[in-house]
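Undergrad: Provided herewith: input.cif, mmCIF, C-alpha atoms.
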```cif
data_entry
#
loop_
_atom_site.group_PDB
_atom_site.id
_atom_site.type_symbol
_atom_site.label_atom_id
_atom_site.label_comp_id
_atom_site.auth_asym_id
_atom_site.auth_seq_id
_atom_site.Cartn_x
_atom_site.Cartn_y
_atom_site.Cartn_z
ATOM 1 C CA MET A 13 4.002 -15.014 11.885
ATOM 2 C CA SER A 14 1.829 -17.448 9.958
ATOM 3 C CA THR A 15 1.511 -18.742 6.418
ATOM 4 C CA LEU A 16 -1.420 -19.363 4.104
ATOM 5 C CA THR A 17 -1.437 -21.591 1.040
ATOM 6 C CA HIS A 18 -3.642 -19.957 -1.559
ATOM 7 C CA ALA A 19 -3.899 -20.344 -5.351
ATOM 8 C CA GLY A 20 -0.730 -22.405 -5.455
ATOM 9 C CA ILE A 21 1.447 -19.981 -3.464
ATOM 10 C CA THR A 22 2.373 -19.351 0.158
ATOM 11 C CA ILE A 23 1.492 -16.004 1.721
ATOM 12 C CA ASP A 24 3.311 -14.959 4.872
ATOM 13 C CA TYR A 25 1.223 -12.842 7.222
ATOM 14 C CA GLN A 26 0.966 -11.480 10.750
ATOM 15 C CA ASP A 27 -2.265 -11.396 12.804
ATOM 16 C CA GLU A 28 -1.947 -9.387 16.012
ATOM 17 C CA GLY A 29 -4.401 -8.163 18.634
ATOM 18 C CA SER A 30 -8.111 -8.729 19.040
ATOM 19 C CA GLY A 31 -11.230 -6.811 18.150
ATOM 20 C CA ASP A 32 -12.484 -5.468 14.852
ATOM 21 C CA PRO A 33 -10.173 -6.405 11.952
ATOM 22 C CA LEU A 34 -7.891 -3.909 10.209
ATOM 23 C CA LEU A 35 -5.956 -5.220 7.189
ATOM 24 C CA LEU A 36 -3.035 -3.075 5.978
ATOM 25 C CA VAL A 37 -1.494 -3.552 2.525
ATOM 26 C CA HIS A 38 2.092 -2.550 1.820
ATOM 27 C CA GLY A 39 3.386 -0.693 -1.211
ATOM 28 C CA HIS A 40 6.118 -1.333 -3.782
ATOM 29 C CA PRO A 41 8.881 -2.368 -3.317
ATOM 30 C CA PHE A 42 8.303 -3.012 0.360
ATOM 31 C CA ASP A 43 6.934 -5.740 2.623
ATOM 32 C CA ARG A 44 4.603 -5.947 5.585
ATOM 33 C CA SER A 45 7.267 -4.641 7.985
ATOM 34 C CA MET A 46 6.517 -1.109 6.731
ATOM 35 C CA TRP A 47 3.419 -1.239 8.959
ATOM 36 C CA ARG A 48 5.301 -2.153 12.137
ATOM 37 C CA PRO A 49 4.515 1.131 13.966
ATOM 38 C CA GLN A 50 0.814 0.786 13.188
ATOM 39 C CA VAL A 51 0.691 -2.883 14.211
ATOM 40 C CA SER A 52 2.261 -1.966 17.550
ATOM 41 C CA ARG A 53 -0.089 0.967 18.099
ATOM 42 C CA PHE A 54 -3.432 -0.481 17.052
ATOM 43 C CA ALA A 55 -3.037 -4.136 18.049
ATOM 44 C CA GLY A 56 -2.686 -2.831 21.574
ATOM 45 C CA ALA A 57 -5.708 -0.558 21.263
ATOM 46 C CA GLY A 58 -8.571 -2.918 20.555
ATOM 47 C CA TRP A 59 -7.969 -3.766 16.902
ATOM 48 C CA ARG A 60 -7.048 -7.026 15.226
ATOM 49 C CA VAL A 61 -4.308 -5.840 12.866
ATOM 50 C CA ILE A 62 -3.402 -8.050 9.920
ATOM 51 C CA THR A 63 -0.479 -7.466 7.590
ATOM 52 C CA ALA A 64 0.735 -9.727 4.801
ATOM 53 C CA ASP A 65 3.632 -9.920 2.398
ATOM 54 C CA LEU A 66 2.048 -9.645 -1.032
ATOM 55 C CA ARG A 67 2.959 -12.371 -3.512
ATOM 56 C CA GLY A 68 6.385 -11.601 -4.903
ATOM 57 C CA TYR A 69 7.474 -9.656 -1.819
ATOM 58 C CA GLY A 70 8.927 -10.383 1.597
ATOM 59 C CA ARG A 71 8.593 -14.019 2.606
ATOM 60 C CA SER A 72 5.710 -14.852 0.285
ATOM 61 C CA THR A 73 6.110 -16.870 -2.892
ATOM 62 C CA VAL A 74 7.772 -15.055 -5.772
ATOM 63 C CA VAL A 75 5.769 -15.372 -8.970
ATOM 64 C CA PRO A 76 7.496 -14.015 -12.103
ATOM 65 C CA GLY A 77 5.789 -12.582 -15.172
ATOM 66 C CA SER A 78 2.979 -10.101 -14.534
ATOM 67 C CA THR A 79 0.822 -9.813 -11.419
ATOM 68 C CA PRO A 80 -2.387 -7.807 -11.969
ATOM 69 C CA LEU A 81 -3.903 -5.917 -9.077
ATOM 70 C CA GLU A 82 -6.870 -8.287 -9.272
ATOM 71 C CA THR A 83 -4.573 -11.151 -8.308
ATOM 72 C CA PHE A 84 -3.353 -9.285 -5.230
ATOM 73 C CA ALA A 85 -6.950 -8.461 -4.257
ATOM 74 C CA ARG A 86 -8.023 -12.082 -4.611
ATOM 75 C CA ASP A 87 -5.066 -13.163 -2.483
ATOM 76 C CA LEU A 88 -6.273 -10.796 0.236
ATOM 77 C CA VAL A 89 -9.837 -12.053 0.135
ATOM 78 C CA GLY A 90 -8.448 -15.583 0.371
ATOM 79 C CA LEU A 91 -6.568 -14.532 3.502
ATOM 80 C CA LEU A 92 -9.729 -13.045 5.008
ATOM 81 C CA ASP A 93 -11.635 -16.231 4.222
ATOM 82 C CA ARG A 94 -8.956 -18.333 5.918
ATOM 83 C CA LEU A 95 -9.135 -16.106 8.994
ATOM 84 C CA GLY A 96 -12.943 -16.251 9.080
ATOM 85 C CA ILE A 97 -13.302 -12.502 8.581
ATOM 86 C CA ASP A 98 -16.382 -11.289 6.740
ATOM 87 C CA ARG A 99 -15.929 -7.495 6.708
ATOM 88 C CA VAL A 100 -12.764 -5.497 7.277
ATOM 89 C CA VAL A 101 -11.333 -2.017 7.377
ATOM 90 C CA LEU A 102 -8.846 -2.182 4.516
ATOM 91 C CA GLY A 103 -5.947 0.226 4.190
ATOM 92 C CA GLY A 104 -3.109 0.481 1.724
ATOM 93 C CA LEU A 105 -0.244 2.775 0.785
ATOM 94 C CA SER A 106 0.853 3.597 -2.770
ATOM 95 C CA MET A 107 0.443 0.372 -4.795
ATOM 96 C CA GLY A 108 -1.258 -0.993 -1.693
ATOM 97 C CA GLY A 109 -3.848 1.759 -1.977
ATOM 98 C CA GLN A 110 -4.514 0.800 -5.574
ATOM 99 C CA ILE A 111 -4.946 -2.813 -4.474
ATOM 100 C CA VAL A 112 -7.472 -1.518 -1.936
ATOM 101 C CA LEU A 113 -9.365 0.192 -4.776
ATOM 102 C CA GLU A 114 -9.287 -3.003 -6.814
ATOM 103 C CA PHE A 115 -10.564 -4.922 -3.781
ATOM 104 C CA HIS A 116 -13.440 -2.456 -3.576
ATOM 105 C CA ARG A 117 -14.191 -2.997 -7.262
ATOM 106 C CA LEU A 118 -14.392 -6.754 -6.767
ATOM 107 C CA PHE A 119 -15.596 -7.223 -3.189
ATOM 108 C CA PRO A 120 -17.368 -4.082 -1.901
ATOM 109 C CA ALA A 121 -19.576 -6.082 0.452
ATOM 110 C CA ARG A 122 -16.491 -7.248 2.376
ATOM 111 C CA LEU A 123 -15.523 -3.702 3.350
ATOM 112 C CA ARG A 124 -16.322 -1.704 6.466
ATOM 113 C CA GLY A 125 -14.002 1.205 5.682
ATOM 114 C CA LEU A 126 -11.124 2.273 3.435
ATOM 115 C CA VAL A 127 -7.778 3.935 4.109
ATOM 116 C CA LEU A 128 -6.050 5.282 0.992
ATOM 117 C CA ALA A 129 -2.549 6.554 1.741
ATOM 118 C CA SER A 130 -0.074 8.076 -0.720
ATOM 119 C CA THR A 131 -1.931 6.691 -3.713
ATOM 120 C CA SER A 132 -3.758 7.629 -6.888
ATOM 121 C CA ALA A 133 -6.988 6.381 -8.434
ATOM 122 C CA ARG A 134 -6.075 7.337 -11.983
ATOM 123 C CA ALA A 135 -4.967 4.826 -14.587
ATOM 124 C CA ASP A 136 -1.417 5.315 -15.813
ATOM 125 C CA PRO A 137 -0.971 7.415 -18.949
ATOM 126 C CA PRO A 138 0.935 5.680 -21.791
ATOM 127 C CA ALA A 139 4.314 7.149 -20.843
ATOM 128 C CA THR A 140 4.015 5.931 -17.257
ATOM 129 C CA ARG A 141 2.919 2.469 -18.376
ATOM 130 C CA GLU A 142 6.005 2.251 -20.560
ATOM 131 C CA TRP A 143 8.197 3.461 -17.678
ATOM 132 C CA ARG A 144 6.838 0.702 -15.440
ATOM 133 C CA ARG A 145 7.615 -1.935 -18.073
ATOM 134 C CA THR A 146 11.147 -0.691 -18.717
ATOM 135 C CA THR A 147 11.768 -0.401 -14.980
ATOM 136 C CA ALA A 148 10.582 -3.994 -14.543
ATOM 137 C CA ASP A 149 13.158 -5.088 -17.111
ATOM 138 C CA ARG A 150 15.799 -3.037 -15.337
ATOM 139 C CA LEU A 151 15.057 -4.640 -11.963
ATOM 140 C CA LEU A 152 15.565 -8.070 -13.484
ATOM 141 C CA ARG A 153 18.931 -6.998 -14.910
ATOM 142 C CA GLU A 154 20.272 -5.023 -11.957
ATOM 143 C CA GLY A 155 18.352 -6.093 -8.879
ATOM 144 C CA LEU A 156 16.732 -3.538 -6.575
ATOM 145 C CA GLY A 157 19.901 -1.873 -5.292
ATOM 146 C CA PRO A 158 20.442 0.872 -7.894
ATOM 147 C CA TYR A 159 16.720 1.634 -8.104
ATOM 148 C CA ALA A 160 16.458 1.881 -4.316
ATOM 149 C CA GLU A 161 19.354 4.332 -4.114
ATOM 150 C CA GLU A 162 17.764 6.486 -6.815
ATOM 151 C CA VAL A 163 14.313 6.767 -5.232
ATOM 152 C CA ILE A 164 15.085 6.811 -1.497
ATOM 153 C CA ASP A 165 14.899 10.629 -1.385
ATOM 154 C CA LYS A 166 11.425 10.489 -2.939
ATOM 155 C CA MET A 167 10.165 7.721 -0.685
ATOM 156 C CA VAL A 168 11.490 9.562 2.373
ATOM 157 C CA ALA A 169 11.822 13.352 2.272
ATOM 158 C CA PRO A 170 15.490 14.464 2.147
ATOM 159 C CA HIS A 171 15.256 16.271 5.490
ATOM 160 C CA ASN A 172 13.819 13.104 7.044
ATOM 161 C CA ILE A 173 16.713 11.075 5.658
ATOM 162 C CA ARG A 174 18.993 13.392 7.651
ATOM 163 C CA GLU A 175 16.807 13.688 10.749
ATOM 164 C CA LEU A 176 15.438 10.119 10.841
ATOM 165 C CA PRO A 177 18.339 7.958 9.630
ATOM 166 C CA GLU A 178 16.866 4.805 11.165
ATOM 167 C CA VAL A 179 13.679 5.253 9.117
ATOM 168 C CA ALA A 180 15.651 5.898 5.937
ATOM 169 C CA GLY A 181 17.762 2.836 6.664
ATOM 170 C CA GLN A 182 14.703 0.666 7.171
ATOM 171 C CA VAL A 183 13.127 1.853 3.925
ATOM 172 C CA LEU A 184 16.333 1.371 1.950
ATOM 173 C CA ALA A 185 16.813 -2.130 3.375
ATOM 174 C CA MET A 186 13.223 -3.106 2.520
ATOM 175 C CA MET A 187 13.619 -1.938 -1.054
ATOM 176 C CA LYS A 188 16.964 -3.643 -1.579
ATOM 177 C CA ALA A 189 15.608 -6.904 -0.147
ATOM 178 C CA ALA A 190 12.617 -7.040 -2.504
ATOM 179 C CA PRO A 191 12.834 -9.991 -4.927
ATOM 180 C CA PRO A 192 13.434 -8.601 -8.438
ATOM 181 C CA GLU A 193 11.076 -11.070 -10.138
ATOM 182 C CA GLY A 194 8.207 -10.253 -7.797
ATOM 183 C CA ALA A 195 8.735 -6.499 -7.963
ATOM 184 C CA ALA A 196 8.972 -6.602 -11.761
ATOM 185 C CA ALA A 197 5.782 -8.667 -12.019
ATOM 186 C CA ALA A 198 3.924 -6.151 -9.859
ATOM 187 C CA LEU A 199 5.132 -3.235 -11.978
ATOM 188 C CA ARG A 200 3.911 -4.917 -15.161
ATOM 189 C CA GLY A 201 0.531 -5.715 -13.657
ATOM 190 C CA ARG A 202 0.163 -2.268 -12.164
ATOM 191 C CA ALA A 203 0.721 -0.679 -15.566
ATOM 192 C CA GLU A 204 -2.461 -2.368 -16.790
ATOM 193 C CA ARG A 205 -4.729 -1.332 -13.924
ATOM 194 C CA PRO A 206 -8.065 0.303 -14.743
ATOM 195 C CA ASP A 207 -9.050 3.884 -14.023
ATOM 196 C CA TYR A 208 -10.731 3.854 -10.618
ATOM 197 C CA LEU A 209 -11.942 7.464 -10.744
ATOM 198 C CA PRO A 210 -15.413 6.588 -12.130
ATOM 199 C CA MET A 211 -15.893 4.127 -9.256
ATOM 200 C CA LEU A 212 -15.201 6.597 -6.465
ATOM 201 C CA ALA A 213 -18.629 8.222 -6.428
ATOM 202 C CA GLY A 214 -20.081 4.817 -5.553
ATOM 203 C CA VAL A 215 -17.876 4.194 -2.509
ATOM 204 C CA ALA A 216 -20.403 3.714 0.279
ATOM 205 C CA VAL A 217 -18.137 3.068 3.268
ATOM 206 C CA PRO A 218 -16.235 5.593 5.377
ATOM 207 C CA THR A 219 -12.927 6.502 3.754
ATOM 208 C CA LEU A 220 -9.757 8.177 4.998
ATOM 209 C CA VAL A 221 -7.389 9.681 2.424
ATOM 210 C CA VAL A 222 -3.854 10.448 3.643
ATOM 211 C CA VAL A 223 -0.974 12.177 1.860
ATOM 212 C CA GLY A 224 2.305 13.851 2.753
ATOM 213 C CA THR A 225 2.927 17.443 1.742
ATOM 214 C CA GLU A 226 6.225 16.471 0.081
ATOM 215 C CA ASP A 227 5.034 13.415 -1.832
ATOM 216 C CA GLU A 228 6.358 13.567 -5.401
ATOM 217 C CA PHE A 229 4.957 10.207 -6.490
ATOM 218 C CA THR A 230 1.348 10.931 -5.507
ATOM 219 C CA PRO A 231 1.044 14.656 -4.827
ATOM 220 C CA VAL A 232 -1.547 16.301 -2.613
ATOM 221 C CA ALA A 233 -3.632 17.097 -5.711
ATOM 222 C CA GLU A 234 -4.188 13.363 -6.296
ATOM 223 C CA ALA A 235 -5.383 12.909 -2.721
ATOM 224 C CA ARG A 236 -7.707 15.911 -2.997
ATOM 225 C CA LEU A 237 -9.188 14.482 -6.188
ATOM 226 C CA MET A 238 -10.040 11.208 -4.449
ATOM 227 C CA HIS A 239 -11.384 13.083 -1.432
ATOM 228 C CA GLU A 240 -13.649 15.178 -3.675
ATOM 229 C CA ARG A 241 -14.955 12.124 -5.518
ATOM 230 C CA ILE A 242 -15.585 9.833 -2.517
ATOM 231 C CA PRO A 243 -18.749 10.875 -0.646
ATOM 232 C CA GLY A 244 -18.113 11.833 2.973
ATOM 233 C CA SER A 245 -14.418 10.988 2.873
ATOM 234 C CA VAL A 246 -11.883 12.525 5.251
ATOM 235 C CA LEU A 247 -8.642 14.049 3.953
ATOM 236 C CA CYS A 248 -5.525 14.231 6.117
ATOM 237 C CA VAL A 249 -2.493 16.108 4.749
ATOM 238 C CA ILE A 250 0.615 15.402 6.826
ATOM 239 C CA GLU A 251 3.243 18.112 6.955
ATOM 240 C CA GLY A 252 6.869 17.210 6.425
ATOM 241 C CA ALA A 253 6.286 13.744 4.986
ATOM 242 C CA ALA A 254 6.952 12.417 1.517
ATOM 243 C CA HIS A 255 5.649 9.057 0.247
ATOM 244 C CA LEU A 256 5.755 7.166 3.559
ATOM 245 C CA PRO A 257 3.920 9.283 6.145
ATOM 246 C CA ASN A 258 3.240 6.254 8.336
ATOM 247 C CA LEU A 259 7.012 5.948 8.894
ATOM 248 C CA GLU A 260 8.140 9.563 8.508
ATOM 249 C CA ARG A 261 5.423 10.992 10.750
ATOM 250 C CA PRO A 262 3.948 7.992 12.600
ATOM 251 C CA ALA A 263 2.419 10.038 15.418
ATOM 252 C CA GLU A 264 0.445 12.214 12.999
ATOM 253 C CA PHE A 265 -0.487 9.281 10.781
ATOM 254 C CA ASP A 266 -1.624 7.163 13.712
ATOM 255 C CA ALA A 267 -3.629 10.030 15.218
ATOM 256 C CA ALA A 268 -5.503 10.486 11.930
ATOM 257 C CA LEU A 269 -6.120 6.759 11.648
ATOM 258 C CA GLU A 270 -7.240 6.559 15.276
ATOM 259 C CA ARG A 271 -9.786 9.358 14.784
ATOM 260 C CA PHE A 272 -11.066 7.663 11.653
ATOM 261 C CA LEU A 273 -11.403 4.233 13.263
ATOM 262 C CA ALA A 274 -13.090 5.687 16.329
ATOM 263 C CA GLY A 275 -15.783 7.149 14.120
ATOM 264 C CA LEU A 276 -16.734 3.920 12.407
#
```
Please go through the file and, once you have read it, give me the structure as structure tokens.
TA:
Amino acid sequence: MSTLTHAGITIDYQDEGSGDPLLLVHGHPFDRSMWRPQVSRFAGAGWRVITADLRGYGRSTVVPGSTPLETFARDLVGLLDRLGIDRVVLGGLSMGGQIVLEFHRLFPARLRGLVLASTSARADPPATREWRRTTADRLLREGLGPYAEEVIDKMVAPHNIRELPEVAGQVLAMMKAAPPEGAAAALRGRAERPDYLPMLAGVAVPTLVVVGTEDEFTPVAEARLMHERIPGSVLCVIEGAAHLPNLERPAEFDAALERFLAGL
């Protein structure tokens, strides 16, 4: 584990393995430990795998208020600069996938490939923006505990909660440990994100789109839309997974990612 001081905050990150760089971005309200299976798999298979706690999450500095996706993307490019990495395969899940899209909007020349997992390129409609703001206020009042209990069976499919209790426990613990101020700031910033759909036709690097068949937050239709808009992209639909296919079905997720990386 290492730390980076950037833009007045400290970012906690992990840099494992050697070879071509792969940077994985966690979702909300998680931390970099959600990528532990992929770090173990790919750092031992010729890839330099980098994961970081986004500002406001994990062991990184908590910044209250509102954190736009642009801020997260600039934090990531600051991390790459510190590590001396010019171009990277950049992957993200859920909010992490939207940060990946924002990174592409700002820094396309720094990208060698994209992995978009359990995410959507659309801007939020007004009702969803309002829900994010009211949920941010709720997290500040209540902490993450009640919210985590409410959404665990959407993050992890109910049958996986029963069959994979250790995965469900890990996900629940991550959510409950998320700092309320950081999670609330991310929700507010995420509500203001742009619509990335018009940008997708201009994506010029290889792209893998991944989704679980039981994902209620970002259904298969959202993944298909991105796949149809991004030239030459690859779509992988993982059976039996909800919003966290990398944890619910790591073998299938890793196999899809391995095929994608091998083709770069």
Undergrad: Please expand the PyMOL selection byres ((chain A and resi 241) around 6) into the concrete residues it hits in this file, giving the result as a PDB file with C-alpha atoms, in the coordinates of the input.
TA:
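Listed below is the output, selection36.pdb:
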```pdb
ATOM      1  CA  LEU A 212     -15.201   6.597  -6.465  1.00  0.00           C
ATOM      2  CA  ALA A 213     -18.629   8.222  -6.428  1.00  0.00           C
ATOM      3  CA  MET A 238     -10.040  11.208  -4.449  1.00  0.00           C
ATOM      4  CA  HIS A 239     -11.384  13.083  -1.432  1.00  0.00           C
ATOM      5  CA  GLU A 240     -13.649  15.178  -3.675  1.00  0.00           C
ATOM      6  CA  ILE A 242     -15.585   9.833  -2.517  1.00  0.00           C
TER       7      ILE A 242
END
```
Undergrad: Expand the PyMOL selection byres ((chain A and resi 111) around 12) into the explicit residue set it covers here, and present it as an NGL selection string.
TA: :A and (35-40 or 66 or 79-89 or 102-110 or 112-119 or 126-129 or 131-133 or 198 or 201-202 or 205-206 or 208)
Undergrad: Which residue out of A:Gly77, A:Asp266, A:Arg67, A:Ala180 has the minimum interatomic distance to A:Ser52 when all atoms listed in the file are used?
TA: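 Under the stated criterion, the closest residue is A:Asp266.
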Undergrad: Could you name the residues that touch A:Ala203 at 12 Å or less, counting only C-alpha atoms, but leaving out those on the same chain fewer than 4 positions away, as number ranges by chain?
TA: A: 78-81, 107, 110, 134-148, 196-199, 207
Undergrad: Would you write out, as JSON, numbers by chain, every residue that the PyMOL selection byres ((chain A and resi 190) around 9) captures in this file?
TA: {"A": [40, 41, 42, 43, 68, 69, 70, 155, 156, 185, 186, 187, 188, 189, 191, 192, 193, 194, 195]}
Undergrad: For each of A:His255, A:Arg200, A:Arg60, A:Arg174, take the minimum atom-to-atom distance to A:Asp149, counting only C-alpha atoms, then give the residue where this is smallest.
TA: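 Of all the options, A:Arg200 lies closest to A:Asp149.
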Undergrad: Box for stretch 174-182 of chain A: with edges along x, y and z, all listed atoms inside and 8 Å added on each side, what are the centre and edge lengths in Å to one decimal, as lines of an AutoDock Vina configuration file?
TA:
```
center_x = 16.3
center_y = 7.2
center_z = 8.6
size_x = 21.3
size_y = 29.0
size_z = 21.2
```
Undergrad: Could stretch 114-150 of chain A be written out with C-alpha atoms, as an mmCIF file, in the first residue's frame, please?
TA:
```
data_model
loop_
_atom_site.group_PDB
_atom_site.id
_atom_site.type_symbol
_atom_site.label_atom_id
_atom_site.label_comp_id
_atom_site.auth_asym_id
_atom_site.auth_seq_id
_atom_site.Cartn_x
_atom_site.Cartn_y
_atom_site.Cartn_z
ATOM 1 C CA GLU A 114 -15.195 11.065 -17.812
ATOM 2 C CA PHE A 115 -11.490 10.191 -17.988
ATOM 3 C CA HIS A 116 -11.973 9.394 -21.666
ATOM 4 C CA ARG A 117 -13.686 12.746 -22.187
ATOM 5 C CA LEU A 118 -10.755 14.592 -20.637
ATOM 6 C CA PHE A 119 -7.711 12.442 -21.396
ATOM 7 C CA PRO A 120 -8.362 10.119 -24.371
ATOM 8 C CA ALA A 121 -4.697 10.070 -25.357
ATOM 9 C CA ARG A 122 -3.810 8.421 -22.029
ATOM 10 C CA LEU A 123 -5.941 5.359 -22.761
ATOM 11 C CA ARG A 124 -5.009 2.025 -24.299
ATOM 12 C CA GLY A 125 -8.328 0.313 -23.585
ATOM 13 C CA LEU A 126 -11.541 0.636 -21.575
ATOM 14 C CA VAL A 127 -13.462 -1.757 -19.339
ATOM 15 C CA LEU A 128 -16.998 -0.612 -18.503
ATOM 16 C CA ALA A 129 -18.664 -2.879 -15.950
ATOM 17 C CA SER A 130 -22.173 -2.543 -14.511
ATOM 18 C CA THR A 131 -22.467 1.066 -15.611
ATOM 19 C CA SER A 132 -24.460 3.464 -17.751
ATOM 20 C CA ALA A 133 -23.419 6.257 -20.096
ATOM 21 C CA ARG A 134 -26.668 8.183 -19.817
ATOM 22 C CA ALA A 135 -27.040 11.335 -17.756
ATOM 23 C CA ASP A 136 -29.455 11.024 -14.856
ATOM 24 C CA PRO A 137 -33.043 12.100 -15.504
ATOM 25 C CA PRO A 138 -34.384 14.767 -13.094
ATOM 26 C CA ALA A 139 -36.011 12.265 -10.734
ATOM 27 C CA THR A 140 -32.787 10.294 -10.346
ATOM 28 C CA ARG A 141 -30.759 13.455 -9.771
ATOM 29 C CA GLU A 142 -33.139 14.417 -6.986
ATOM 30 C CA TRP A 143 -32.919 10.903 -5.510
ATOM 31 C CA ARG A 144 -29.125 11.149 -5.399
ATOM 32 C CA ARG A 145 -29.309 14.485 -3.576
ATOM 33 C CA THR A 146 -31.857 13.296 -1.020
ATOM 34 C CA THR A 147 -29.894 10.086 -0.498
ATOM 35 C CA ALA A 148 -26.750 12.151 0.100
ATOM 36 C CA ASP A 149 -28.595 14.053 2.820
ATOM 37 C CA ARG A 150 -29.818 10.783 4.280
#
```
